[in-house]
$ cat protein_27.txt   # compact mmCIF, C-alpha atoms
# COMPACT_ATOMS: atom_id res chain seq x y z
CA MET W 1054 35.66 49.48 -28.20
CA GLY W 1055 32.40 49.83 -30.09
CA SER W 1056 30.35 51.48 -27.39
CA GLY W 1057 28.56 53.51 -30.00
CA SER W 1058 27.88 50.76 -32.52
CA LEU W 1059 24.38 49.31 -32.33
CA LEU W 1060 24.82 46.42 -34.73
CA SER W 1061 27.99 44.86 -33.50
CA PRO W 1062 28.52 45.85 -29.89
CA LEU W 1063 31.00 43.08 -29.25
CA VAL W 1064 33.35 43.76 -32.10
CA GLY W 1065 36.84 44.03 -30.85
CA ILE W 1066 36.28 42.28 -27.54
CA ASP W 1067 39.10 39.90 -26.81
CA ILE W 1068 37.65 36.73 -25.30
CA SER W 1069 40.55 34.54 -24.45
CA VAL W 1070 40.11 30.78 -24.33
CA GLY W 1071 41.92 28.05 -22.51
CA ASP W 1072 43.30 30.21 -19.74
CA HIS W 1073 44.24 28.33 -16.66
CA VAL W 1074 46.15 28.76 -13.47
CA GLN W 1075 49.23 26.77 -14.35
CA ARG W 1076 52.17 25.30 -12.48
CA HIS W 1077 55.12 23.42 -13.89
CA VAL W 1078 56.02 20.19 -12.15
CA PHE W 1079 58.73 17.83 -13.41
CA GLY W 1080 58.60 19.52 -16.79
CA LEU W 1081 54.84 18.98 -17.06
CA THR W 1082 52.37 21.79 -17.22
CA ILE W 1083 49.53 21.34 -14.75
CA ASN W 1084 46.29 23.31 -14.93
CA VAL W 1085 45.88 23.74 -11.21
CA ASP W 1086 42.33 25.07 -11.41
CA ILE W 1087 41.22 22.01 -13.37
CA VAL W 1088 42.95 19.72 -10.93
CA TRP W 1089 41.28 21.19 -7.87
CA ALA W 1090 37.90 21.36 -9.61
CA THR W 1091 38.29 17.69 -10.52
CA LEU W 1092 39.25 16.84 -6.97
CA ILE W 1093 36.31 18.78 -5.55
CA ALA W 1094 33.93 17.04 -7.97
CA GLY W 1095 35.44 13.71 -7.00
CA ILE W 1096 35.11 14.50 -3.30
CA ILE W 1097 31.47 15.51 -3.81
CA VAL W 1098 30.68 12.29 -5.67
CA ILE W 1099 32.52 10.10 -3.16
CA THR W 1100 30.96 11.91 -0.19
CA LEU W 1101 27.45 11.58 -1.61
CA GLY W 1102 28.17 7.94 -2.36
CA LEU W 1103 29.40 7.25 1.16
CA ILE W 1104 26.46 9.10 2.70
CA LEU W 1105 24.22 7.00 0.53
CA ARG W 1106 26.03 3.86 1.55
CA SER W 1107 25.58 4.66 5.22
CA LYS W 1108 21.90 5.30 4.72
CA ALA W 1109 21.25 2.53 2.24
CA THR W 1110 18.46 0.37 3.48
CA SER W 1111 16.52 -2.52 2.10
CA GLY W 1112 13.49 -0.95 3.71
CA VAL W 1113 11.76 2.16 2.47
CA PRO W 1114 14.44 4.20 0.66
CA GLY W 1115 14.91 7.92 1.14
CA LYS W 1116 14.54 10.35 -1.75
CA PHE W 1117 18.28 10.46 -2.31
CA GLN W 1118 18.63 6.70 -2.30
CA LEU W 1119 15.67 6.46 -4.63
CA LEU W 1120 17.35 8.87 -7.06
CA TRP W 1121 20.52 6.78 -7.00
CA GLU W 1122 18.61 3.59 -7.36
CA MET W 1123 16.77 5.01 -10.33
CA ALA W 1124 20.05 5.94 -12.00
CA VAL W 1125 21.57 2.56 -11.17
CA GLY W 1126 18.41 0.81 -12.33
CA ALA W 1127 18.40 2.73 -15.63
CA VAL W 1128 22.06 1.87 -16.33
CA GLN W 1129 21.51 -1.71 -15.24
CA THR W 1130 18.55 -2.07 -17.63
CA GLN W 1131 20.52 -0.48 -20.45
CA VAL W 1132 23.45 -2.84 -19.89
CA ASP W 1133 21.23 -5.90 -19.48
CA ASP W 1134 19.36 -5.09 -22.67
CA SER W 1135 22.41 -4.52 -24.83
CA ILE W 1136 25.17 -6.69 -23.36
CA GLY W 1137 23.39 -9.12 -21.10
CA PRO W 1138 24.66 -10.60 -17.83
CA ARG W 1139 28.27 -10.49 -19.08
CA GLY W 1140 28.08 -6.71 -18.92
CA ALA W 1141 27.70 -6.61 -15.13
CA LYS W 1142 31.22 -5.18 -14.80
CA VAL W 1143 30.34 -2.24 -17.03
CA VAL W 1144 27.61 -1.01 -14.69
CA PRO W 1145 29.83 0.61 -12.03
CA LEU W 1146 31.92 2.32 -14.71
CA ALA W 1147 28.89 3.69 -16.53
CA ILE W 1148 27.27 4.88 -13.31
CA THR W 1149 30.45 6.54 -12.07
CA LEU W 1150 30.94 8.20 -15.44
CA PHE W 1151 27.43 9.56 -15.47
CA VAL W 1152 27.43 10.86 -11.91
CA PHE W 1153 30.97 12.22 -12.04
CA ILE W 1154 30.58 13.96 -15.40
CA PHE W 1155 27.22 15.37 -14.39
CA THR W 1156 28.71 16.78 -11.18
CA CYS W 1157 31.63 18.29 -13.10
CA ASN W 1158 29.28 19.79 -15.67
CA LEU W 1159 27.19 21.44 -12.95
CA PHE W 1160 30.24 23.53 -11.97
CA GLU W 1161 29.68 25.53 -15.10
CA VAL W 1162 26.59 27.02 -13.47
CA LEU W 1163 28.92 28.71 -10.98
CA GLY W 1164 30.90 30.43 -13.72
CA ILE W 1165 30.36 34.08 -14.46
CA GLY W 1166 32.29 34.24 -17.70
CA SER W 1167 35.41 35.69 -16.20
CA LYS W 1168 38.83 34.97 -17.63
CA LEU W 1169 39.60 32.61 -14.78
CA ASP W 1170 36.83 30.92 -12.83
CA TRP W 1171 37.44 29.79 -9.29
CA LEU W 1172 35.73 26.53 -9.97
CA PRO W 1173 35.65 25.82 -13.71
CA ALA W 1174 33.86 22.72 -14.97
CA PRO W 1175 36.75 20.25 -15.23
CA THR W 1176 35.09 18.79 -18.30
CA SER W 1177 35.49 22.11 -20.12
CA ASP W 1178 39.23 21.38 -20.22
CA ILE W 1179 40.37 18.70 -22.65
CA ASN W 1180 42.40 16.73 -20.12
CA LEU W 1181 39.59 15.21 -18.07
CA PRO W 1182 37.37 14.18 -21.03
CA LEU W 1183 40.44 12.69 -22.71
CA ALA W 1184 41.44 10.85 -19.55
CA MET W 1185 38.00 9.33 -19.15
CA ALA W 1186 37.65 8.52 -22.86
CA LEU W 1187 41.05 6.82 -23.00
CA TYR W 1188 40.32 4.88 -19.84
CA VAL W 1189 37.02 3.69 -21.32
CA ILE W 1190 38.58 2.77 -24.67
CA VAL W 1191 41.45 0.88 -23.06
CA MET W 1192 38.92 -1.06 -20.99
CA VAL W 1193 36.81 -1.70 -24.08
CA HIS W 1194 39.77 -3.18 -25.94
CA ARG W 1195 40.71 -5.23 -22.90
CA ALA W 1196 37.17 -6.60 -22.81
CA ALA W 1197 37.33 -7.33 -26.54
CA ILE W 1198 40.56 -9.29 -26.15
CA LYS W 1199 39.09 -11.16 -23.18
CA ASN W 1200 35.99 -11.94 -25.18
CA ARG W 1201 37.56 -13.02 -28.46
CA GLY W 1202 41.03 -14.06 -27.40
CA THR W 1203 44.10 -12.30 -28.76
CA GLY W 1204 43.88 -14.04 -32.14
CA GLY W 1205 40.17 -13.40 -32.42
CA TYR W 1206 40.70 -9.79 -31.44
CA PHE W 1207 43.09 -9.15 -34.31
CA LYS W 1208 41.12 -11.33 -36.69
CA HIS W 1209 38.10 -9.19 -35.95
CA TYR W 1210 39.85 -6.23 -37.59
CA VAL W 1211 40.28 -7.94 -40.96
CA SER W 1212 37.28 -10.28 -41.13
CA GLN W 1213 34.44 -7.78 -41.11
CA PRO W 1214 32.36 -5.85 -42.14
CA PHE W 1215 33.19 -7.14 -45.65
CA SER W 1216 34.39 -10.54 -46.75
CA PRO W 1217 37.91 -11.40 -45.46
CA LYS W 1218 39.11 -11.20 -49.06
CA LEU W 1219 38.82 -7.45 -48.74
CA PHE W 1220 40.91 -7.49 -45.58
CA PRO W 1221 42.85 -4.28 -46.33
CA VAL W 1222 39.58 -2.37 -46.60
CA ASN W 1223 38.24 -4.03 -43.49
CA MET W 1224 41.38 -3.27 -41.58
CA PHE W 1225 41.43 0.34 -42.69
CA MET W 1226 37.81 0.91 -41.71
CA ASN W 1227 38.13 -0.82 -38.37
CA VAL W 1228 41.32 0.93 -37.36
CA ILE W 1229 39.84 4.30 -38.28
CA GLU W 1230 36.70 3.46 -36.31
CA GLU W 1231 38.64 2.44 -33.24
CA LEU W 1232 40.85 5.51 -33.43
CA VAL W 1233 37.89 7.81 -33.86
CA LYS W 1234 36.01 6.46 -30.85
CA PRO W 1235 38.16 8.05 -28.10
CA VAL W 1236 38.52 11.24 -30.11
CA THR W 1237 34.79 11.75 -30.57
CA LEU W 1238 34.09 10.71 -27.02
CA THR W 1239 36.56 13.32 -25.79
CA LEU W 1240 35.67 16.14 -28.13
CA ARG W 1241 31.91 15.77 -27.75
CA LEU W 1242 32.04 16.28 -24.01
CA PHE W 1243 34.82 18.82 -24.05
CA GLY W 1244 33.28 20.80 -26.93
CA ASN W 1245 29.87 21.08 -25.33
CA LEU W 1246 31.20 22.21 -21.98
CA PHE W 1247 33.85 24.46 -23.47
CA ALA W 1248 31.21 26.13 -25.62
CA GLY W 1249 29.04 26.57 -22.55
CA GLY W 1250 31.85 28.47 -20.87
CA LEU W 1251 32.38 30.49 -24.02
CA MET W 1252 28.71 31.45 -24.04
CA LEU W 1253 29.06 32.72 -20.49
CA SER W 1254 32.04 34.82 -21.53
CA LEU W 1255 30.09 36.26 -24.44
CA LEU W 1256 27.10 37.06 -22.24
CA ALA W 1257 29.42 38.70 -19.71
CA ALA W 1258 30.99 40.69 -22.51
CA LEU W 1259 27.54 42.04 -23.36
CA VAL W 1260 27.92 44.32 -20.36
CA ILE W 1261 30.09 46.77 -22.30
CA TRP W 1262 27.23 47.43 -24.71
CA LYS W 1263 25.85 50.83 -23.78
CA LEU W 1264 23.70 53.31 -25.64
CA GLY W 1265 24.94 56.54 -24.23
CA PRO W 1266 24.44 56.18 -20.46
CA VAL W 1267 21.98 53.22 -20.81
CA PRO W 1268 23.67 49.87 -20.01
CA ILE W 1269 21.59 47.80 -22.42
CA GLY W 1270 24.04 44.91 -22.47
CA GLY W 1271 24.24 44.85 -18.68
CA ILE W 1272 20.46 44.65 -18.40
CA LEU W 1273 20.19 41.98 -21.08
CA SER W 1274 23.02 39.85 -19.84
CA VAL W 1275 21.29 38.96 -16.57
CA PRO W 1276 18.20 37.18 -18.00
CA PHE W 1277 20.26 35.76 -20.86
CA THR W 1278 22.78 34.31 -18.45
CA LEU W 1279 20.03 32.80 -16.32
CA LEU W 1280 18.38 31.27 -19.39
CA TRP W 1281 21.67 29.97 -20.68
CA LYS W 1282 22.62 28.41 -17.36
CA THR W 1283 19.31 26.60 -17.17
CA PHE W 1284 19.89 25.28 -20.66
CA ASP W 1285 23.49 24.47 -19.83
CA MET W 1286 22.45 22.28 -16.92
CA ALA W 1287 20.33 20.26 -19.32
CA ILE W 1288 23.29 20.03 -21.69
CA GLY W 1289 25.47 18.87 -18.81
CA ALA W 1290 23.00 16.10 -17.94
CA ILE W 1291 22.61 15.05 -21.57
CA GLN W 1292 26.36 14.96 -22.20
CA ALA W 1293 26.95 12.92 -19.05
CA PHE W 1294 24.23 10.54 -20.18
CA ILE W 1295 25.63 10.27 -23.72
CA PHE W 1296 29.13 9.57 -22.43
CA ALA W 1297 27.85 6.77 -20.19
CA LEU W 1298 25.57 5.40 -22.91
CA LEU W 1299 28.35 5.34 -25.53
CA THR W 1300 30.59 3.59 -23.03
CA ILE W 1301 27.96 0.87 -22.66
CA LEU W 1302 27.54 0.63 -26.42
CA TYR W 1303 31.28 0.34 -27.02
CA PHE W 1304 31.45 -2.44 -24.48
CA ASP W 1305 28.45 -4.01 -26.16
CA THR W 1306 30.25 -4.07 -29.50
CA ALA W 1307 33.43 -5.40 -27.91
CA MET W 1308 31.60 -8.13 -26.01
CA ALA W 1309 29.25 -9.09 -28.84
CA GLN W 1310 29.36 -12.85 -29.21
CA ASP W 1311 29.69 -12.70 -32.93
CA GLU W 1312 29.19 -11.40 -36.42
CA ALA W 1313 25.87 -9.85 -35.43
CA HIS W 1314 27.07 -6.42 -36.50
CA MET F 761 50.96 30.41 -30.17
CA PRO F 762 53.26 27.52 -29.33
CA ILE F 763 51.53 24.18 -29.56
CA ALA F 764 52.19 23.30 -25.92
CA SER F 765 49.82 26.00 -24.76
CA ASN F 766 46.97 25.26 -27.19
CA PHE F 767 43.77 24.54 -25.32
CA LEU F 768 43.09 21.48 -27.55
CA VAL F 769 46.35 19.83 -26.55
CA PRO F 770 46.41 17.87 -23.33
CA ASN F 771 49.15 18.57 -20.83
CA GLY F 772 50.32 17.23 -17.49
CA THR F 773 46.87 17.78 -16.05
CA PHE F 774 45.85 14.64 -17.93
CA ILE F 775 47.81 12.37 -15.60
CA VAL F 776 46.49 13.98 -12.44
CA VAL F 777 42.85 13.95 -13.49
CA LEU F 778 43.16 10.40 -14.81
CA ILE F 779 44.36 9.28 -11.40
CA ALA F 780 41.58 11.29 -9.74
CA PHE F 781 38.97 9.70 -11.98
CA ILE F 782 40.24 6.17 -11.37
CA LEU F 783 40.19 6.91 -7.64
CA VAL F 784 36.56 8.03 -7.82
CA LEU F 785 35.69 5.01 -9.94
CA THR F 786 37.35 2.65 -7.48
CA VAL F 787 35.65 4.13 -4.43
CA ILE F 788 32.25 4.14 -6.11
CA SER F 789 32.48 0.63 -7.52
CA LYS F 790 34.11 -0.92 -4.44
CA PHE F 791 32.45 0.85 -1.54
CA VAL F 792 29.26 2.49 -2.69
CA LEU F 793 27.60 0.29 -5.28
CA PRO F 794 27.88 -3.12 -3.59
CA PRO F 795 25.93 -2.18 -0.44
CA LEU F 796 23.50 -0.24 -2.58
CA ASN F 797 22.95 -3.22 -4.85
CA LYS F 798 22.66 -5.43 -1.81
CA ALA F 799 19.95 -3.18 -0.42
CA LEU F 800 18.26 -3.16 -3.81
CA THR F 801 18.39 -6.94 -4.13
CA GLU F 802 17.21 -7.41 -0.56
CA ARG F 803 14.29 -5.10 -1.14
CA GLN F 804 13.42 -6.96 -4.34
CA GLU F 805 13.55 -10.25 -2.44
CA GLN F 806 11.45 -8.76 0.32
CA ILE F 807 8.89 -7.47 -2.13
CA ARG F 808 8.84 -10.79 -3.93
CA GLY F 809 8.37 -12.59 -0.60
CA GLU F 810 5.58 -10.23 0.36
CA LEU F 811 3.88 -10.69 -2.98
CA GLU F 812 4.15 -14.43 -2.63
CA ALA F 813 2.71 -14.27 0.88
CA ALA F 814 -0.12 -12.11 -0.43
CA ASP F 815 -0.75 -14.60 -3.21
CA LYS F 816 -0.77 -17.43 -0.71
CA ALA F 817 -3.14 -15.56 1.59
CA LYS F 818 -5.40 -14.91 -1.35
CA ALA F 819 -5.34 -18.56 -2.35
CA ASP F 820 -6.07 -19.55 1.25
CA ALA F 821 -8.98 -17.15 1.41
CA GLU F 822 -10.33 -18.49 -1.85
CA GLU F 823 -9.97 -22.04 -0.59
CA ALA F 824 -11.75 -21.16 2.65
CA ASP F 825 -14.46 -19.44 0.67
CA ALA F 826 -14.90 -22.50 -1.55
CA GLU F 827 -15.02 -24.71 1.51
CA ARG F 828 -17.58 -22.45 3.15
CA ARG F 829 -19.64 -22.57 -0.04
CA SER F 830 -19.47 -26.35 -0.25
CA VAL F 831 -20.38 -26.73 3.44
CA LEU F 832 -23.30 -24.37 2.96
CA GLU F 833 -24.42 -26.26 -0.10
CA GLN F 834 -24.11 -29.53 1.78
CA ALA F 835 -26.16 -28.13 4.66
CA ARG F 836 -28.79 -26.92 2.24
CA THR F 837 -28.99 -30.31 0.58
CA GLN F 838 -29.21 -31.99 3.94
CA ALA F 839 -31.98 -29.67 5.09
CA ARG F 840 -33.85 -30.30 1.87
CA ASP F 841 -33.47 -34.05 2.37
CA ILE F 842 -34.65 -33.84 5.94
CA VAL F 843 -37.68 -31.80 4.99
CA SER F 844 -38.61 -34.13 2.16
CA GLN F 845 -38.05 -37.16 4.39
CA ALA F 846 -40.31 -35.62 7.05
CA GLN F 847 -42.86 -34.94 4.36
CA THR F 848 -42.71 -38.58 3.24
CA THR F 849 -42.99 -39.85 6.81
CA ALA F 850 -45.95 -37.59 7.46
CA ASP F 851 -47.61 -38.75 4.26
CA GLN F 852 -46.99 -42.35 5.26
CA ILE F 853 -48.41 -41.78 8.74
CA VAL F 854 -51.44 -40.03 7.33
CA GLY F 855 -51.87 -42.80 4.75
CA SER F 856 -51.61 -45.64 7.27
CA ALA F 857 -53.87 -43.83 9.74
CA THR F 858 -56.44 -43.35 7.02
CA ALA F 859 -56.18 -47.01 6.05
CA ASP F 860 -56.50 -48.10 9.71
CA GLY F 861 -59.49 -45.86 10.23
CA GLN F 862 -61.10 -47.13 7.10
CA ALA F 863 -60.52 -50.73 8.24
CA VAL F 864 -61.96 -50.04 11.68
CA HIS F 865 -64.88 -48.26 10.13
CA ASP F 866 -65.48 -51.08 7.68
CA ARG F 867 -65.28 -53.62 10.43
CA ILE F 868 -67.73 -51.71 12.63
CA VAL F 869 -70.11 -51.20 9.77
CA ALA F 870 -69.88 -54.87 8.78
CA SER F 871 -70.48 -56.14 12.30
CA ALA F 872 -73.39 -53.69 12.70
CA GLU F 873 -74.89 -54.96 9.50
CA ALA F 874 -74.45 -58.51 10.64
CA GLU F 875 -76.14 -57.67 13.95
CA VAL F 876 -78.95 -55.97 12.12
CA VAL F 877 -79.47 -59.04 9.96
CA VAL F 878 -79.41 -61.32 12.99
CA ALA F 879 -81.83 -59.09 14.94
CA ARG F 880 -84.17 -58.89 11.99
CA GLN F 881 -84.02 -62.64 11.59
CA ALA F 882 -84.80 -63.07 15.29
CA ALA F 883 -87.67 -60.63 15.07
CA VAL F 884 -89.08 -62.39 12.06
CA GLU F 885 -88.74 -65.73 13.84
CA GLN F 886 -90.56 -64.35 16.85
CA VAL F 887 -93.25 -62.83 14.76
CA THR F 888 -93.75 -65.93 12.67
CA ALA F 889 -93.82 -68.09 15.78
CA ARG F 890 -96.68 -66.12 17.18
CA VAL F 891 -98.44 -65.04 14.01
CA GLY F 892 -100.66 -68.15 13.77
CA GLU F 893 -101.74 -67.76 17.36
CA ILE F 894 -102.53 -64.09 16.83
CA VAL F 895 -104.37 -64.79 13.63
CA LEU F 896 -106.44 -67.47 15.28
CA VAL F 897 -107.29 -65.20 18.23
CA ALA F 898 -108.22 -62.44 15.81
CA ALA F 899 -110.28 -64.81 13.68
CA GLU F 900 -112.14 -66.22 16.81
CA ARG F 901 -112.98 -62.66 17.78
CA VAL F 902 -114.19 -62.00 14.25
CA ILE F 903 -116.29 -65.10 13.80
CA GLY F 904 -117.24 -65.54 17.42
CA ARG F 905 -116.17 -69.21 17.93
CA GLU F 906 -113.20 -71.28 18.73
CA ILE F 907 -111.01 -72.30 15.95
CA LYS F 908 -108.67 -75.23 16.37
CA ALA F 909 -105.19 -74.71 15.17
CA SER F 910 -104.93 -78.24 13.95
CA ASP F 911 -107.95 -77.76 11.62
CA HIS F 912 -106.28 -74.91 9.76
CA GLN F 913 -102.69 -75.93 10.01
CA ASP F 914 -102.28 -75.84 6.23
CA LEU F 915 -103.54 -72.26 5.94
CA ILE F 916 -101.39 -71.10 8.81
CA ASP F 917 -98.28 -72.67 7.38
CA GLU F 918 -98.97 -71.07 4.06
CA ALA F 919 -99.34 -67.65 5.61
CA ILE F 920 -96.18 -68.07 7.60
CA ALA F 921 -94.31 -69.11 4.54
CA ALA F 922 -95.61 -66.05 2.72
CA VAL F 923 -94.52 -63.77 5.56
CA ARG F 924 -91.11 -65.42 5.66
CA ALA F 925 -90.67 -65.08 1.99
CA GLU F 926 -91.71 -61.44 2.12
CA SER F 927 -89.40 -60.64 5.02
CA SER F 928 -86.40 -62.38 3.55
CA GLY F 929 -87.12 -60.72 0.22
CA ALA F 930 -87.27 -57.36 1.97
CA ALA F 931 -84.05 -58.10 3.84
CA ALA F 932 -82.38 -59.09 0.59
CA GLY F 933 -83.74 -55.97 -1.05
CA ALA F 934 -82.49 -53.82 1.80
CA GLY F 935 -79.04 -55.51 1.59
CA GLY F 936 -78.88 -54.91 -2.16
CA ALA F 937 -79.87 -51.23 -1.83
CA ARG F 938 -77.11 -50.53 0.55
$ encode --input "protein_27.txt" --output "structure tokens"
Amino acid sequence: MGSGSLLSPLVGIDISVGDHVQRHVFGLTINVDIVWATLIAGIIVITLGLILRSKATSGVPGKFQLLWEMAVGAVQTQVDDSIGPRGAKVVPLAITLFVFIFTCNLFEVLGIGSKLDWLPAPTSDINLPLAMALYVIVMVHRAAIKNRGTGGYFKHYVSQPFSPKLFPVNMFMNVIEELVKPVTLTLRLFGNLFAGGLMLSLLAALVIWKLGPVPIGGILSVPFTLLWKTFDMAIGAIQAFIFALLTILYFDTAMAQDEAH
Amino acid sequence: MPIASNFLVPNGTFIVVLIAFILVLTVISKFVLPPLNKALTERQEQIRGELEAADKAKADAEEADAERRSVLEQARTQARDIVSQAQTTADQIVGSATADGQAVHDRIVASAEAEVVVARQAAVEQVTARVGEIVLVAAERVIGREIKASDHQDLIDEAIAAVRAESSGAAAGAGGAR
């Protein structure tokens, strides 16, 4: 351990990634910590939603209701502007995605950079982002088939963006695009949150940096961690927003009436 | 590192969290958003209704104001008419009174003049009736003997005629000067 090295105090620290409390059920590996964090996030969202429902009034709204209504209103406006009235079904999905992802992302603030957190952000594990991204993409394709009909759906792959004569090129580009969508959607969210957790581990590892008896790293890690967590909360909000926004945009493309794009 | 334990590779957790997510989505979209949207829509309706009521009240107030203005204007016009009518009536009354007065005055003056002329005529008649007698008496006193009227009838008549002519000329002159 480089306790004496000024320039690279962290050289040689082993920060492990992707450690989880795991159980094996029916031959499947389950990350138990991610599961319970997801369930807790879900319970928080549902509880807040039900509290809101019980308090929802057409009269003067409370602060909490106002916050919800603002979020709903923002998503509604976004959907109305891009998709139009046909997009009404997308609104609950986008709102749930935003609120749920944001709640999950906030768990990262509880982390202290230990090898195993009690309540890790479920979005910092690839399973939840992938689950949500695949769900969204499946729904997007379902909407596209509903919108264009099965024939129109497949025709769409070969007939644009170039002239149908170039259908192999069109097909190649479209298939790649559709395959990339869930991957980017997953990795963007996962990567941001995973990196946030990694930053916490690095800041925690600063603690071993000492100059003689002076725990420089320990002193530095406190304000750095606070700063990082503040920043991380903003990242969590932005990533939740981007996920919901991209969902709306994908639905927009799928539901577009025609060759506008 | 075997691929199954790579942190980039999904594992069985995927199924569990997918179910959890769909559960959350269902609850939110079935039980939370509808009443919330209902409240939102109701509030919008309420606000729209209130705005409409406010608009109506404003229109009513404007209408009432316009009516008040028109009534006021009408009252002003009426008052002006009444005043000018009263003025006209007063002018008429004054005019007719003046005319009546003038007529009365003229009549009085005319009858007075006529009386004056008559009285003067009577006086002249009286004087001329007695002037010969007086002249004769005066002449007897002057010459100391009786003078017979019949002897000097021509002279007397002449004098009377002269007096008459003078008096009527004076009367005519007086009438012309007036």
$ interface_residues --input "protein_27.txt" --of "chain W" --to "chain F" --cutoff "9 Å" --atoms "only C-alpha atoms" --output "ChimeraX atom specification"
/W:1070-1072,1077-1078,1080-1085,1087-1088,1091-1092,1095-1096,1098-1099,1102-1107,1109-1113,1118,1121-1122,1125,1144-1146,1148-1150,1153,1175,1178-1181,1183-1185,1188
$ residues_around --input "protein_27.txt" --residues "Gly1270 in chain W" --least-positions-apart "4" --cutoff "8 Å" --atoms "only C-alpha atoms" --output "ChimeraX atom specification"
/W:1259-1263,1274
$ atom_distance --input "protein_27.txt" --atom1 "CA of Ala1127 in chain W" --atom2 "CA of Ala1297 in chain W"
11.2 Å
$ residues_around --input "protein_27.txt" --residues "Gly1205 in chain W" --least-positions-apart "4" --cutoff "12 Å" --atoms "all atoms listed in the file" --output "PDB file with C-alpha atoms, in the frame of the given file"
ATOM      1  CA  ALA W1197      37.330  -7.330 -26.540  1.00  0.00           C
ATOM      2  CA  ILE W1198      40.560  -9.290 -26.150  1.00  0.00           C
ATOM      3  CA  LYS W1199      39.090 -11.160 -23.180  1.00  0.00           C
ATOM      4  CA  ASN W1200      35.990 -11.940 -25.180  1.00  0.00           C
ATOM      5  CA  ARG W1201      37.560 -13.020 -28.460  1.00  0.00           C
ATOM      6  CA  HIS W1209      38.100  -9.190 -35.950  1.00  0.00           C
ATOM      7  CA  TYR W1210      39.850  -6.230 -37.590  1.00  0.00           C
ATOM      8  CA  VAL W1211      40.280  -7.940 -40.960  1.00  0.00           C
ATOM      9  CA  SER W1212      37.280 -10.280 -41.130  1.00  0.00           C
ATOM     10  CA  GLN W1213      34.440  -7.780 -41.110  1.00  0.00           C
ATOM     11  CA  ALA W1307      33.430  -5.400 -27.910  1.00  0.00           C
ATOM     12  CA  MET W1308      31.600  -8.130 -26.010  1.00  0.00           C
ATOM     13  CA  GLN W1310      29.360 -12.850 -29.210  1.00  0.00           C
ATOM     14  CA  ASP W1311      29.690 -12.700 -32.930  1.00  0.00           C
ATOM     15  CA  GLU W1312      29.190 -11.400 -36.420  1.00  0.00           C
TER      16      GLU W1312
END
$ atom_distance --input "protein_27.txt" --atom1 "CA of Asp1086 in chain W" --atom2 "CA of Ala1124 in chain W"
29.4 Å
$ atom_distance --input "protein_27.txt" --atom1 "CA of Ala1248 in chain W" --atom2 "CA of Phe1294 in chain W"
17.9 Å
$ decode --input "protein_27.txt" --residues "range 869-900 of chain F" --atoms "C-alpha atoms" --output "compact mmCIF listing (two decimals), in the first residue's frame"
# COMPACT_ATOMS: atom_id res chain seq x y z
CA VAL F 869 -103.10 107.30 -24.99
CA ALA F 870 -105.35 107.29 -28.07
CA SER F 871 -108.54 107.72 -26.07
CA ALA F 872 -106.90 110.48 -24.01
CA GLU F 873 -105.90 112.24 -27.18
CA ALA F 874 -109.38 111.88 -28.54
CA GLU F 875 -110.81 113.31 -25.31
CA VAL F 876 -108.36 116.16 -25.45
CA VAL F 877 -109.42 116.95 -29.00
CA VAL F 878 -113.09 116.80 -28.07
CA ALA F 879 -112.58 118.98 -24.98
CA ARG F 880 -110.59 121.50 -26.96
CA GLN F 881 -113.27 121.54 -29.62
CA ALA F 882 -115.93 122.09 -26.95
CA ALA F 883 -113.91 124.86 -25.38
CA VAL F 884 -113.40 126.53 -28.71
CA GLU F 885 -117.12 126.23 -29.44
CA GLN F 886 -117.94 127.79 -26.09
CA VAL F 887 -115.46 130.54 -26.56
CA THR F 888 -116.59 131.31 -30.08
CA ALA F 889 -120.22 131.27 -29.00
CA ARG F 890 -119.57 133.94 -26.46
CA VAL F 891 -116.76 135.86 -28.11
CA GLY F 892 -119.06 138.22 -30.06
CA GLU F 893 -121.00 139.05 -26.94
CA ILE F 894 -117.81 139.71 -25.01
CA VAL F 895 -116.38 141.78 -27.79
CA LEU F 896 -119.51 143.86 -28.02
CA VAL F 897 -119.59 144.41 -24.24
CA ALA F 898 -115.93 145.38 -24.33
CA ALA F 899 -116.47 147.67 -27.31
CA GLU F 900 -119.54 149.39 -25.60
